Structure formats: structure tokens, C-alpha cells
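**Q** CSV, C-alpha atoms, saved as structure.csv, coming up:
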```
chain,number,residue,atom,x,y,z
A,1,GLY,CA,-82.9,20.8,-20.4
A,2,ASP,CA,-79.0,20.5,-20.3
A,3,LYS,CA,-78.6,23.9,-21.9
A,4,ALA,CA,-80.9,25.5,-19.4
A,5,ARG,CA,-79.1,23.9,-16.5
A,6,LEU,CA,-75.7,25.1,-18.0
A,7,ARG,CA,-77.0,28.6,-18.4
A,8,GLU,CA,-78.2,28.5,-14.8
A,9,ALA,CA,-74.8,27.3,-13.7
A,10,ILE,CA,-73.0,30.1,-15.6
A,11,GLY,CA,-75.3,32.7,-14.1
A,12,ASP,CA,-74.7,31.3,-10.6
A,13,ALA,CA,-71.0,31.4,-11.1
A,14,ALA,CA,-71.1,35.0,-12.4
A,15,LYS,CA,-73.1,36.0,-9.4
A,16,ALA,CA,-70.6,34.3,-7.1
A,17,GLY,CA,-67.7,36.2,-8.7
A,18,VAL,CA,-65.9,33.1,-10.1
A,19,ALA,CA,-63.1,34.1,-12.5
A,20,HIS,CA,-63.1,33.3,-16.2
A,21,PRO,CA,-61.2,30.1,-17.2
A,22,LYS,CA,-58.6,32.1,-19.0
A,23,ALA,CA,-57.9,34.2,-15.9
A,24,LEU,CA,-57.6,31.0,-14.0
A,25,GLU,CA,-55.0,29.7,-16.5
A,26,ALA,CA,-53.0,32.9,-16.3
A,27,ALA,CA,-53.0,32.8,-12.5
A,28,ASP,CA,-52.0,29.1,-12.5
A,29,GLU,CA,-49.1,29.8,-14.9
A,30,LYS,CA,-47.9,32.7,-12.7
A,31,LEU,CA,-48.0,30.4,-9.7
A,32,ARG,CA,-45.9,27.8,-11.5
A,33,ALA,CA,-43.3,30.5,-12.5
A,34,LEU,CA,-43.0,31.5,-8.9
A,35,HIS,CA,-42.5,27.9,-7.9
A,36,ARG,CA,-39.7,27.5,-10.5
A,37,VAL,CA,-38.0,30.7,-9.2
A,38,ASP,CA,-38.1,29.4,-5.6
A,39,ALA,CA,-36.7,26.0,-6.7
A,40,GLU,CA,-33.9,27.6,-8.6
A,41,ARG,CA,-33.0,29.8,-5.6
A,42,ALA,CA,-33.0,26.8,-3.3
A,43,ARG,CA,-30.8,24.8,-5.7
A,44,ARG,CA,-28.3,27.6,-5.9
A,45,LEU,CA,-28.2,28.1,-2.2
A,46,ASP,CA,-27.7,24.3,-1.8
A,47,LEU,CA,-24.8,24.3,-4.3
A,48,GLU,CA,-23.2,27.3,-2.5
A,49,GLY,CA,-23.5,25.6,0.9
A,50,SER,CA,-22.1,22.3,-0.4
A,51,GLU,CA,-19.1,24.1,-2.0
A,52,ARG,CA,-18.5,26.1,1.2
A,53,ARG,CA,-18.6,22.9,3.3
A,54,ALA,CA,-16.3,21.1,0.9
A,55,ASN,CA,-13.8,24.0,1.1
A,56,GLU,CA,-13.9,24.0,4.9
A,57,SER,CA,-13.5,20.3,5.0
A,58,GLU,CA,-10.5,20.4,2.6
A,59,ALA,CA,-8.9,23.1,4.7
A,60,ALA,CA,-9.4,21.1,7.9
A,61,ALA,CA,-8.0,18.0,6.3
A,62,GLN,CA,-5.0,19.9,5.0
A,63,ARG,CA,-4.2,21.3,8.4
A,64,ALA,CA,-4.5,17.8,10.0
A,65,ALA,CA,-2.3,16.3,7.3
A,66,GLU,CA,0.4,18.9,7.8
A,67,ARG,CA,0.4,18.5,11.5
A,68,LEU,CA,0.7,14.7,11.2
A,69,HIS,CA,3.5,15.0,8.7
A,70,LYS,CA,5.4,17.2,11.0
A,71,ALA,CA,4.9,14.7,13.8
A,72,ARG,CA,6.4,11.9,11.6
A,73,VAL,CA,9.4,14.0,10.5
A,74,LEU,CA,10.1,15.5,13.9
A,75,PRO,CA,9.6,12.9,16.7
A,76,SER,CA,9.6,15.6,19.4
A,77,GLY,CA,6.5,17.2,17.9
A,78,PHE,CA,4.4,14.0,18.1
A,79,ASP,CA,3.2,14.4,21.7
A,80,GLY,CA,1.7,17.8,20.8
A,81,VAL,CA,-0.5,16.6,18.0
A,82,GLU,CA,-4.2,16.7,19.0
A,83,LEU,CA,-6.7,16.7,16.2
A,84,THR,CA,-10.2,18.2,16.6
A,85,ASP,CA,-13.3,16.2,15.7
A,86,GLU,CA,-13.7,18.3,12.6
A,87,GLU,CA,-10.1,17.7,11.5
A,88,ARG,CA,-10.3,14.0,12.2
A,89,ALA,CA,-13.6,13.7,10.2
A,90,ALA,CA,-12.3,15.8,7.3
A,91,LEU,CA,-9.1,13.7,7.2
A,92,GLU,CA,-11.1,10.4,7.1
A,93,ARG,CA,-13.4,11.9,4.4
A,94,ARG,CA,-10.3,12.8,2.3
A,95,ARG,CA,-8.8,9.3,2.7
A,96,TYR,CA,-12.1,7.7,1.8
A,97,GLU,CA,-12.5,9.9,-1.3
A,98,GLU,CA,-8.9,9.1,-2.3
A,99,SER,CA,-9.4,5.4,-1.9
A,100,MET,CA,-12.5,5.5,-3.9
A,101,GLY,CA,-10.8,7.5,-6.6
A,102,ALA,CA,-7.9,5.0,-6.7
A,103,ARG,CA,-10.4,2.1,-7.1
A,104,GLU,CA,-12.1,3.9,-9.9
A,105,ARG,CA,-8.7,4.5,-11.6
A,106,VAL,CA,-7.8,0.8,-11.2
A,107,LYS,CA,-11.2,-0.2,-12.7
A,108,SER,CA,-10.7,2.2,-15.6
A,109,ALA,CA,-7.2,1.0,-16.2
A,110,LYS,CA,-8.3,-2.7,-16.2
A,111,ALA,CA,-11.1,-1.9,-18.6
A,112,ALA,CA,-8.7,-0.1,-21.0
A,113,GLU,CA,-6.0,-2.8,-20.5
A,114,VAL,CA,-5.0,-4.4,-23.8
A,115,PRO,CA,-4.2,-8.1,-23.5
A,116,PRO,CA,-0.5,-8.7,-24.3
A,117,ARG,CA,0.3,-9.9,-27.8
A,118,PRO,CA,1.4,-13.5,-28.1
A,119,LEU,CA,5.2,-13.9,-28.0
A,120,PHE,CA,6.0,-17.4,-29.3
A,121,GLY,CA,9.3,-19.1,-28.5
A,122,ASP,CA,10.8,-22.5,-28.6
A,123,VAL,CA,11.4,-24.3,-25.3
A,124,GLU,CA,12.9,-27.7,-24.6
A,125,ILE,CA,11.2,-30.1,-22.2
A,126,VAL,CA,13.4,-32.8,-20.6
A,127,PHE,CA,11.5,-35.8,-19.1
A,128,PRO,CA,12.6,-38.1,-16.3
A,129,SER,CA,13.6,-40.7,-18.9
A,130,GLY,CA,16.1,-38.3,-20.4
A,131,HIS,CA,14.2,-37.8,-23.6
A,132,ALA,CA,13.6,-34.2,-24.7
A,133,GLU,CA,10.8,-32.6,-26.7
A,134,ALA,CA,10.7,-29.2,-28.3
A,135,LEU,CA,7.6,-27.2,-27.9
A,136,ARG,CA,6.5,-23.8,-29.2
A,137,ALA,CA,4.9,-21.9,-26.4
A,138,ASP,CA,3.4,-18.4,-25.9
A,139,LEU,CA,5.9,-16.8,-23.4
A,140,ASN,CA,3.3,-14.2,-22.6
A,141,GLY,CA,0.8,-16.9,-21.7
A,142,HIS,CA,0.3,-18.5,-18.3
A,143,GLY,CA,2.0,-21.8,-17.4
A,144,SER,CA,-1.3,-23.6,-17.7
A,145,LEU,CA,-1.1,-23.3,-21.5
A,146,LEU,CA,2.3,-25.1,-21.4
A,147,LEU,CA,0.8,-27.8,-19.2
A,148,ALA,CA,-2.0,-28.4,-21.7
A,149,GLN,CA,0.7,-29.0,-24.4
A,150,LEU,CA,2.5,-31.4,-22.1
A,151,LEU,CA,-0.4,-33.6,-21.1
A,152,PRO,CA,-0.7,-35.4,-24.5
A,153,LEU,CA,3.0,-36.3,-24.3
A,154,LYS,CA,2.5,-38.2,-21.0
A,155,GLU,CA,1.7,-41.4,-22.7
A,156,GLN,CA,5.0,-41.3,-24.7
A,157,HIS,CA,7.1,-40.0,-21.7
A,158,PRO,CA,5.5,-41.1,-18.4
A,159,TRP,CA,6.3,-39.1,-15.3
A,160,PRO,CA,5.4,-39.6,-11.6
A,161,ASN,CA,2.1,-38.3,-10.3
A,162,ASP,CA,4.0,-35.9,-7.9
A,163,ALA,CA,6.1,-34.5,-10.7
A,164,ALA,CA,6.5,-30.8,-11.4
A,165,ILE,CA,7.7,-28.6,-14.3
A,166,LEU,CA,10.9,-27.0,-13.1
A,167,THR,CA,12.1,-23.7,-14.5
A,168,PRO,CA,15.8,-22.9,-15.2
A,169,SER,CA,16.1,-21.6,-11.7
A,170,GLY,CA,14.9,-24.8,-10.2
A,171,GLU,CA,11.5,-23.4,-9.0
A,172,PRO,CA,8.3,-25.2,-9.9
A,173,LEU,CA,6.4,-23.6,-12.7
A,174,CYS,CA,3.4,-21.6,-11.5
A,175,PHE,CA,0.4,-22.2,-13.8
A,176,THR,CA,-1.3,-18.9,-13.0
A,177,LYS,CA,1.6,-16.6,-13.9
A,178,PRO,CA,3.1,-15.7,-17.4
A,179,LEU,CA,6.0,-17.8,-18.5
A,180,HIS,CA,8.3,-14.8,-19.1
A,181,ALA,CA,7.7,-13.6,-15.5
A,182,GLN,CA,9.1,-17.0,-14.3
A,183,GLY,CA,12.3,-16.9,-16.2
A,184,VAL,CA,11.1,-18.9,-19.2
A,185,PHE,CA,12.7,-17.5,-22.4
A,186,GLN,CA,13.4,-18.5,-26.0
A,187,GLY,CA,15.6,-21.6,-26.2
A,188,CYS,CA,15.5,-22.4,-22.4
A,189,ARG,CA,15.3,-25.9,-21.0
A,190,LEU,CA,12.6,-27.0,-18.6
A,191,ARG,CA,12.7,-30.3,-16.6
A,192,VAL,CA,9.8,-32.6,-15.6
A,193,ASP,CA,11.0,-34.0,-12.4
A,194,VAL,CA,9.8,-35.0,-8.9
A,195,ALA,CA,8.6,-31.9,-7.0
A,196,GLU,CA,10.6,-30.8,-4.1
A,197,SER,CA,9.1,-31.9,-0.8
A,198,ARG,CA,7.9,-29.4,1.7
A,199,CYS,CA,10.3,-30.8,4.3
A,200,GLN,CA,13.2,-30.2,1.9
A,201,ARG,CA,12.0,-26.7,1.2
A,202,LYS,CA,11.7,-26.0,4.9
A,203,ASP,CA,15.3,-27.2,5.5
A,204,ASP,CA,16.5,-24.9,2.7
A,205,MET,CA,14.7,-22.0,4.4
A,206,GLU,CA,16.2,-22.8,7.7
A,207,ASP,CA,19.7,-23.0,6.1
A,208,MET,CA,19.1,-19.6,4.5
A,209,ALA,CA,18.0,-18.1,7.9
A,210,LEU,CA,21.2,-19.4,9.5
A,211,ARG,CA,23.3,-17.8,6.8
A,212,MET,CA,21.4,-14.5,7.2
A,213,LYS,CA,21.3,-14.4,11.0
A,214,ASP,CA,24.0,-11.7,11.1
A,215,SER,CA,22.5,-9.7,8.2
A,216,TRP,CA,21.1,-6.2,8.6
A,217,VAL,CA,19.1,-6.4,5.4
A,218,PHE,CA,15.7,-7.4,7.0
A,219,LEU,CA,15.7,-4.4,9.4
A,220,TYR,CA,16.9,-2.1,6.6
A,221,TRP,CA,14.0,-3.3,4.4
A,222,ALA,CA,11.4,-2.7,7.1
A,223,LEU,CA,12.6,0.9,7.8
A,224,ALA,CA,13.7,2.1,4.3
A,225,CYS,CA,11.0,0.5,2.2
A,226,VAL,CA,7.9,0.2,4.5
A,227,LYS,CA,8.6,3.7,6.0
A,228,PRO,CA,6.5,3.2,9.2
A,229,SER,CA,5.3,6.3,11.0
A,230,PHE,CA,6.9,7.3,14.3
A,231,HIS,CA,3.6,6.6,16.1
A,232,PHE,CA,3.5,3.1,14.7
A,233,MET,CA,7.1,2.5,15.7
A,234,ARG,CA,6.6,3.7,19.3
A,235,GLU,CA,3.4,1.6,19.7
A,236,ALA,CA,5.2,-1.5,18.3
A,237,LEU,CA,8.4,-1.1,20.4
A,238,LEU,CA,6.6,-0.4,23.6
A,239,ARG,CA,5.4,-4.1,23.5
A,240,HIS,CA,9.0,-5.3,23.9
A,241,SER,CA,11.0,-5.4,27.2
A,242,GLN,CA,14.2,-4.1,25.6
A,243,VAL,CA,14.5,-1.5,22.9
A,244,VAL,CA,17.8,-0.7,21.1
A,245,VAL,CA,18.2,2.5,19.0
A,246,VAL,CA,21.1,2.8,16.5
A,247,GLY,CA,22.2,6.2,15.4
A,248,TRP,CA,23.7,5.4,12.0
A,249,ASN,CA,26.8,7.4,11.3
A,250,ALA,CA,25.7,9.7,14.1
A,251,THR,CA,29.2,10.7,15.3
A,252,ALA,CA,29.8,12.4,11.9
A,253,ASP,CA,27.3,15.1,12.6
A,254,ASP,CA,26.4,16.6,16.0
A,255,ALA,CA,22.8,17.4,14.8
A,256,VAL,CA,22.2,13.8,13.8
A,257,LEU,CA,23.6,12.6,17.1
A,258,ARG,CA,21.3,14.9,19.1
A,259,LEU,CA,18.3,13.8,17.0
A,260,SER,CA,19.2,10.1,17.4
A,261,GLN,CA,19.4,10.7,21.2
A,262,GLU,CA,16.0,12.4,21.2
A,263,VAL,CA,14.5,9.5,19.3
A,264,ALA,CA,16.0,7.0,21.8
A,265,HIS,CA,14.5,9.0,24.6
A,266,LEU,CA,11.0,9.2,23.0
A,267,LEU,CA,11.1,5.5,22.3
A,268,GLN,CA,12.1,4.7,25.9
A,269,ALA,CA,15.1,2.8,24.6
A,270,GLY,CA,17.3,0.9,27.0
A,271,ILE,CA,20.4,1.0,24.8
A,272,PHE,CA,21.6,3.6,22.4
A,273,LEU,CA,24.4,2.7,19.9
A,274,ALA,CA,26.1,5.5,17.9
A,275,THR,CA,28.0,4.4,14.8
A,276,GLY,CA,30.7,6.2,12.8
A,277,GLU,CA,34.3,6.1,11.7
A,278,GLN,CA,35.5,8.4,14.6
A,279,PRO,CA,34.4,8.3,18.2
A,280,PRO,CA,32.1,11.1,19.4
A,281,ALA,CA,33.4,14.0,21.5
A,282,ARG,CA,33.8,13.4,25.2
A,283,GLY,CA,30.6,13.7,27.1
A,284,SER,CA,28.3,13.8,24.0
A,285,LEU,CA,26.8,10.4,24.8
A,286,ASN,CA,25.9,11.4,28.4
A,287,ALA,CA,22.7,13.2,27.6
A,288,PHE,CA,20.6,10.4,29.1
A,289,GLU,CA,22.3,10.4,32.4
A,290,ASP,CA,21.7,6.8,33.7
A,291,SER,CA,18.4,6.1,32.0
A,292,VAL,CA,19.9,4.7,28.8
A,293,ARG,CA,23.1,2.7,28.3
A,294,CYS,CA,25.2,4.2,25.5
A,295,ALA,CA,28.1,2.9,23.4
A,296,PHE,CA,30.1,3.7,20.3
A,297,VAL,CA,30.4,1.2,17.4
A,298,ARG,CA,33.1,1.9,14.9
A,299,LEU,CA,31.6,1.3,11.5
A,300,PRO,CA,32.1,2.9,8.1
A,301,ALA,CA,29.1,4.7,6.6
A,302,HIS,CA,28.9,2.1,3.8
A,303,ALA,CA,29.5,-1.0,5.7
A,304,GLU,CA,28.1,-4.3,4.3
A,305,SER,CA,25.1,-5.8,5.8
A,306,VAL,CA,26.8,-8.8,7.4
A,307,ILE,CA,29.5,-6.6,9.0
A,308,VAL,CA,26.8,-4.3,10.4
A,309,GLY,CA,24.8,-7.2,11.9
A,310,ARG,CA,27.9,-8.8,13.4
A,311,SER,CA,29.2,-5.6,15.0
A,312,ILE,CA,25.8,-4.7,16.5
A,313,ARG,CA,25.4,-8.2,18.0
A,314,GLU,CA,28.9,-8.1,19.5
A,315,SER,CA,28.2,-4.6,21.0
A,316,LEU,CA,25.0,-5.8,22.6
A,317,GLN,CA,26.6,-8.8,24.0
A,318,GLU,CA,29.3,-6.6,25.7
```
Could you write out this file's structure as C-alpha cells?
**A**
Amino acid sequence: GDKARLREAIGDAAKAGVAHPKALEAADEKLRALHRVDAERARRLDLEGSERRANESEAAAQRAAERLHKARVLPSGFDGVELTDEERAALERRRYEESMGARERVKSAKAAEVPPRPLFGDVEIVFPSGHAEALRADLNGHGSLLLAQLLPLKEQHPWPNDAAILTPSGEPLCFTKPLHAQGVFQGCRLRVDVAESRCQRKDDMEDMALRMKDSWVFLYWALACVKPSFHFMREALLRHSQVVVVGWNATADDAVLRLSQEVAHLLQAGIFLATGEQPPARGSLNAFEDSVRCAFVRLPAHAESVIVGRSIRESLQE
């Protein structure tokens, strides 16, 4: 019965024109091949488009970076900088990729970082009672390791609860930093003594501030080491009621003097001071008319910080 029904089914299929199974398999394989070709073409087109978009984005970011760099170097060019949406997005994308790359490099460096080898040295610990103990410590290790060696000695040499371990410089030992980074070296002497109170430390900071009130070093550090952009400087200075621009050694070079005056104008300064060993030419400080008060401060090019601060203060008071 089953064979008869199978023969009937074969006959019906032949009459209906149904293809042979091998022909169906061949057609199916050809269809799959066409699908693979289409997928490969789509992948190639996608790669080409991604590469083209990446090149266009990099070019836009480079244009934006060059224009912003020019604005920082030449203050007069700042007002003309207007980035398009494409340039701004490309620049932000580049910064993001650079930051992510930096993070990955830091992670790789930390993963490959080899712990420092122990560097043992003998240090002497002087307790409040005057007794001294010699300890052998790992100078590459943190201060907590030295503290662990000291705790068993507390019964023999008691010290106050608010005591601290003082380094040769007088600073309290930090337990999370390596000993060698805190000035602890072979043969040095550490003291266990009462920790300096916060009030005393505050008084010391105030005394130092009074000694440094005429110093120019803080402003020099902010400008020479931080290197703020011109846009940041202008935005920060506009919040103050009075802005003073100092053209350092500007009288020695006419181009530097003109650039300093331009900066003072763009920063909307109220006072412009030009320093140098010789006074400027007559009329060279009158470029502002009456909008900015100008003065010459006689200072050598390599004047010390305290002398610069005192001279600037005296000029402003005049």
C-alpha cells in the first residue's frame, strides 16, 4: 500500500512538473552563492564608506585644531574663529578617541608594570623618651610597612596617642607613599613625636603667605606651567572689575610692545605696564588713547621674583 501511494505521488509530481531533488539542490547552492556575493559587496561598500567618513572627519578635526591653535597664538585672530557643526563634532570625536587611547595605554602600562625590587636600608627611630632603635626597612615600600615594625616596640618605648613619625624634613610620614619618595634614606634618623597641630600648621602657612606677598612666582607658575588658552584668560579676567596687563621686557622690542598692547586691548584691561631696562620711545604707549592707563616700569629682563612683585605693586599704587 505504501509503495503504491509513493508511486502515485511520484507520478503526480512528474505530471505537475516538479524538479528532481538534485536540480533543487543545485538551484539552492546557486542561490546561496549569490547571497554570499551580495553580502561581500555590501561589506566592501560599508568599509569604503566608513573609511571615507573617517578621512573626512579627520580632515575637519585638523582644520578646526589649526584654527584654534592660531587663535591661541595670535589673540587678534580669536574673534574670527567660528567652527561649523561638522568641525566641532569631528574635534570632539578626536578628543574622545585620544582620551580613550590614553586610558588604554595607561591600563597597558599598569598591567606591564613590574613592582619595584626591595631596597633595604638601616634607619634609626628616636622615641620621645630619647631612646633609639635601629630598624631595617624596605625604602621602596610604603610607610605602613615601617609602622608595622614600630608597633611591637610601643610597649618598650611608649609614645602619645597623637604621635607621628617625623621624617628628616619634619613632615609627618605618609603611610601610603614609598619611603624613598619622602626623603627616607639609608642611615637617616626618624623621630616619633607629637604631631603638629592643625592650628600650628595654619599659622605656618599664613607666615609663608606673608613672606610671599611680594613674590611673582605664583602668577609665573599659572602662566608658564598651566599655559591657559587666550579664550580661557579672557573669560576669567572679564569677571574682575580691574584687569592689569604687564608687557614683560616689552620696551626692548617694538613688535613685542605692539603685541602686548593688542592683548591689553582684547582683554579690556584698565592698566597696561611695560617693563624693560630702557623707557619706550615717545608716544609709543599712547596707542590706547584714554581707554587704558599706561606706565613704564624699569626692570631688568632677569629680575628676581620678589623685586618684580614689589615694583609692580608700587607702580599700581602710584
**Q** Near Ala59 (chain A), counting only C-alpha atoms, which residues have an atom at most 10 Å away, once you skip same-chain residues fewer than 5 positions from it, shown as a list in words?
**A**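 That gives Arg53, Ala54, Ala64, Ala65, Glu87, Ala90 and Leu91 of chain A.
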**Q** For Gly187 (chain A), which of A:Leu145, A:Leu285, A:Leu139, A:Ala164 is the closest residue, counting all atoms listed in the file?
**A**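 Distance minimum relative to Gly187 (chain A) lands on A:Leu139.
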**Q** Mind giving me the straight-line distance from CA of Ala250 (chain A) to CA of Gly276 (chain A) in Å, one decimal?
**A**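 Separation between CA of Ala250 (chain A) and CA of Gly276 (chain A): 6.2 Å.
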**Q** Can you tell me, as a list in words, what residues are no more than 9 Å from Ser241 (chain A) when counting all atoms listed in the file, ignoring any on the same chain fewer than 3 positions away?
**A**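 Within the cut-off, the hits are Leu237, Leu238 and Gly270 of chain A.
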**Q** Could the residues in this selection be saved with C-alpha atoms as a PDB file, in the frame of the given file?
**A**
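See part18.pdb below for the written result:
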```pdb
ATOM      1  CA  LEU A 237       8.400  -1.100  20.400  1.00  0.00           C
ATOM      2  CA  LEU A 238       6.600  -0.400  23.600  1.00  0.00           C
ATOM      3  CA  GLY A 270      17.300   0.900  27.000  1.00  0.00           C
TER       4      GLY A 270
END
```
**Q** So that I can see what lies close to region 312-316 of chain A, please list as a CSV table (one decimal) with C-alpha atoms, in the coordinates of the input the residues with an atom at most 9 Å from it, counting all atoms listed in the file and leaving out residues fewer than 4 positions away in the same chain.
**A**
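After the write, result.csv holds the following:
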```
chain,number,residue,atom,x,y,z
A,214,ASP,CA,24.0,-11.7,11.1
A,244,VAL,CA,17.8,-0.7,21.1
A,246,VAL,CA,21.1,2.8,16.5
A,271,ILE,CA,20.4,1.0,24.8
A,273,LEU,CA,24.4,2.7,19.9
A,295,ALA,CA,28.1,2.9,23.4
A,296,PHE,CA,30.1,3.7,20.3
A,297,VAL,CA,30.4,1.2,17.4
A,307,ILE,CA,29.5,-6.6,9.0
A,308,VAL,CA,26.8,-4.3,10.4
```
**Q** Tell me which residues come within 10 Å of (12.4, -16.8, -15.7), as number ranges by chain, counting all atoms listed in the file in the file's coordinates.
**A** A: 167-169, 171, 173, 178-185, 188
**Q** Record the distance separating CA of Ala89 (chain A) and CA of Leu45 (chain A), expressed in Å with one decimal.
**A**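 Computed distance, CA of Ala89 (chain A) to CA of Leu45 (chain A), equals 24.0 Å.
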**Q** Quick one, how far is CA of His265 (chain A) from CA of Ser291 (chain A)?
**A**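 Interatomic distance, CA of His265 (chain A) to CA of Ser291 (chain A): 8.9 Å.
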**Q** Compare A:Ala60, A:His35, A:Val292, A:Met233 by their minimum atom-to-atom distance to Glu92 (chain A), counting only C-alpha atoms, and give me the closest one.
**A** A:Ala60
**Q** When distances are computed from only C-alpha atoms, which of A:His131, A:Arg88, A:Arg103, A:Arg63 shows the smallest separation from Lys154 (chain A)?
**A**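 Once distances to Lys154 (chain A) are computed over only C-alpha atoms, the minimum belongs to A:His131.
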**Q** Applying 10 Å and only C-alpha atoms, which residues near Asp254 (chain A) remain after dropping the ones on its own chain fewer than 3 positions away? List them as a list in words.
**A**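 Those residues are Ala250, Thr251, Leu257, Arg258, Leu259, Ser260, Pro280, Ala281 and Ser284 of chain A.
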**Q** Looking at A:Asp193, A:Ala39, A:Asn161, A:His231, which one is nearest to Leu68 (chain A), with distances taken over all atoms listed in the file?
**A**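 Distance minimum relative to Leu68 (chain A) lands on A:His231.
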**Q** So, counting only C-alpha atoms, which residue among A:Trp248, A:Gln242, A:Asp253, A:Leu146 is closest to Ala269 (chain A)?
**A**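 So, comparing all the options, the nearest one is A:Gln242.
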**Q** Can you tell me which residues surround Arg136 (chain A) at a distance of at most 9 Å, considering only C-alpha atoms, apart from same-chain residues fewer than 3 positions away, and format the answer as a PDB file with C-alpha atoms, in the frame of the given file?
**A**
```pdb
ATOM      1  CA  PHE A 120       6.000 -17.400 -29.300  1.00  0.00           C
ATOM      2  CA  GLY A 121       9.300 -19.100 -28.500  1.00  0.00           C
ATOM      3  CA  ASP A 122      10.800 -22.500 -28.600  1.00  0.00           C
ATOM      4  CA  VAL A 123      11.400 -24.300 -25.300  1.00  0.00           C
ATOM      5  CA  GLU A 124      12.900 -27.700 -24.600  1.00  0.00           C
ATOM      6  CA  LEU A 146       2.300 -25.100 -21.400  1.00  0.00           C
TER       7      LEU A 146
END
```
**Q** Fix up region 124-132 of chain A with all heavy atoms, then write it as an mmCIF file, keeping the file's coordinate frame.
**A**
```
data_model
loop_
_atom_site.group_PDB
_atom_site.id
_atom_site.type_symbol
_atom_site.label_atom_id
_atom_site.label_comp_id
_atom_site.auth_asym_id
_atom_site.auth_seq_id
_atom_site.Cartn_x
_atom_site.Cartn_y
_atom_site.Cartn_z
ATOM 1 N N GLU A 124 12.573 -26.300 -24.602
ATOM 2 C CA GLU A 124 12.900 -27.700 -24.600
ATOM 3 C C GLU A 124 12.434 -28.325 -23.269
ATOM 4 O O GLU A 124 12.775 -27.799 -22.203
ATOM 5 C CB GLU A 124 14.358 -27.964 -24.819
ATOM 6 C CG GLU A 124 14.713 -29.431 -25.002
ATOM 7 C CD GLU A 124 16.195 -29.632 -25.260
ATOM 8 O OE1 GLU A 124 16.994 -28.782 -24.825
ATOM 9 O OE2 GLU A 124 16.557 -30.640 -25.888
ATOM 10 N N ILE A 125 11.689 -29.429 -23.337
ATOM 11 C CA ILE A 125 11.200 -30.100 -22.200
ATOM 12 C C ILE A 125 11.965 -31.423 -22.003
ATOM 13 O O ILE A 125 11.967 -32.253 -22.918
ATOM 14 C CB ILE A 125 9.685 -30.406 -22.243
ATOM 15 C CG1 ILE A 125 8.909 -29.125 -22.587
ATOM 16 C CG2 ILE A 125 9.188 -30.995 -20.945
ATOM 17 C CD1 ILE A 125 8.987 -28.049 -21.553
ATOM 18 N N VAL A 126 12.638 -31.591 -20.863
ATOM 19 C CA VAL A 126 13.400 -32.800 -20.600
ATOM 20 C C VAL A 126 12.601 -33.640 -19.590
ATOM 21 O O VAL A 126 12.275 -33.168 -18.493
ATOM 22 C CB VAL A 126 14.790 -32.475 -20.025
ATOM 23 C CG1 VAL A 126 15.561 -33.763 -19.737
ATOM 24 C CG2 VAL A 126 15.560 -31.599 -21.004
ATOM 25 N N PHE A 127 12.281 -34.872 -19.955
ATOM 26 C CA PHE A 127 11.500 -35.800 -19.100
ATOM 27 C C PHE A 127 12.375 -36.606 -18.221
ATOM 28 O O PHE A 127 13.595 -36.697 -18.445
ATOM 29 C CB PHE A 127 10.604 -36.646 -20.006
ATOM 30 C CG PHE A 127 9.577 -35.885 -20.795
ATOM 31 C CD1 PHE A 127 9.861 -35.457 -22.084
ATOM 32 C CD2 PHE A 127 8.351 -35.575 -20.239
ATOM 33 C CE1 PHE A 127 8.922 -34.750 -22.811
ATOM 34 C CE2 PHE A 127 7.407 -34.867 -20.953
ATOM 35 C CZ PHE A 127 7.690 -34.446 -22.249
ATOM 36 N N PRO A 128 11.806 -37.266 -17.194
ATOM 37 C CA PRO A 128 12.600 -38.100 -16.300
ATOM 38 C C PRO A 128 13.389 -39.197 -17.004
ATOM 39 O O PRO A 128 14.464 -39.608 -16.549
ATOM 40 C CB PRO A 128 11.581 -38.669 -15.312
ATOM 41 C CG PRO A 128 10.464 -37.693 -15.327
ATOM 42 C CD PRO A 128 10.416 -37.148 -16.720
ATOM 43 N N SER A 129 12.886 -39.660 -18.125
ATOM 44 C CA SER A 129 13.600 -40.700 -18.900
ATOM 45 C C SER A 129 14.817 -40.215 -19.584
ATOM 46 O O SER A 129 15.611 -41.006 -20.080
ATOM 47 C CB SER A 129 12.623 -41.362 -19.866
ATOM 48 O OG SER A 129 12.172 -40.395 -20.805
ATOM 49 N N GLY A 130 14.971 -38.906 -19.664
ATOM 50 C CA GLY A 130 16.100 -38.300 -20.400
ATOM 51 C C GLY A 130 15.749 -37.843 -21.761
ATOM 52 O O GLY A 130 16.550 -37.123 -22.387
ATOM 53 N N HIS A 131 14.590 -38.219 -22.278
ATOM 54 C CA HIS A 131 14.200 -37.800 -23.600
ATOM 55 C C HIS A 131 13.754 -36.288 -23.525
ATOM 56 O O HIS A 131 13.288 -35.805 -22.482
ATOM 57 C CB HIS A 131 13.008 -38.613 -24.117
ATOM 58 C CG HIS A 131 13.407 -40.026 -24.443
ATOM 59 N ND1 HIS A 131 13.442 -41.011 -23.489
ATOM 60 C CD2 HIS A 131 13.790 -40.603 -25.613
ATOM 61 C CE1 HIS A 131 13.822 -42.150 -24.033
ATOM 62 N NE2 HIS A 131 14.042 -41.929 -25.333
ATOM 63 N N ALA A 132 13.928 -35.612 -24.629
ATOM 64 C CA ALA A 132 13.600 -34.200 -24.700
ATOM 65 C C ALA A 132 12.636 -33.952 -25.856
ATOM 66 O O ALA A 132 12.699 -34.636 -26.891
ATOM 67 C CB ALA A 132 14.851 -33.349 -24.873
#
```
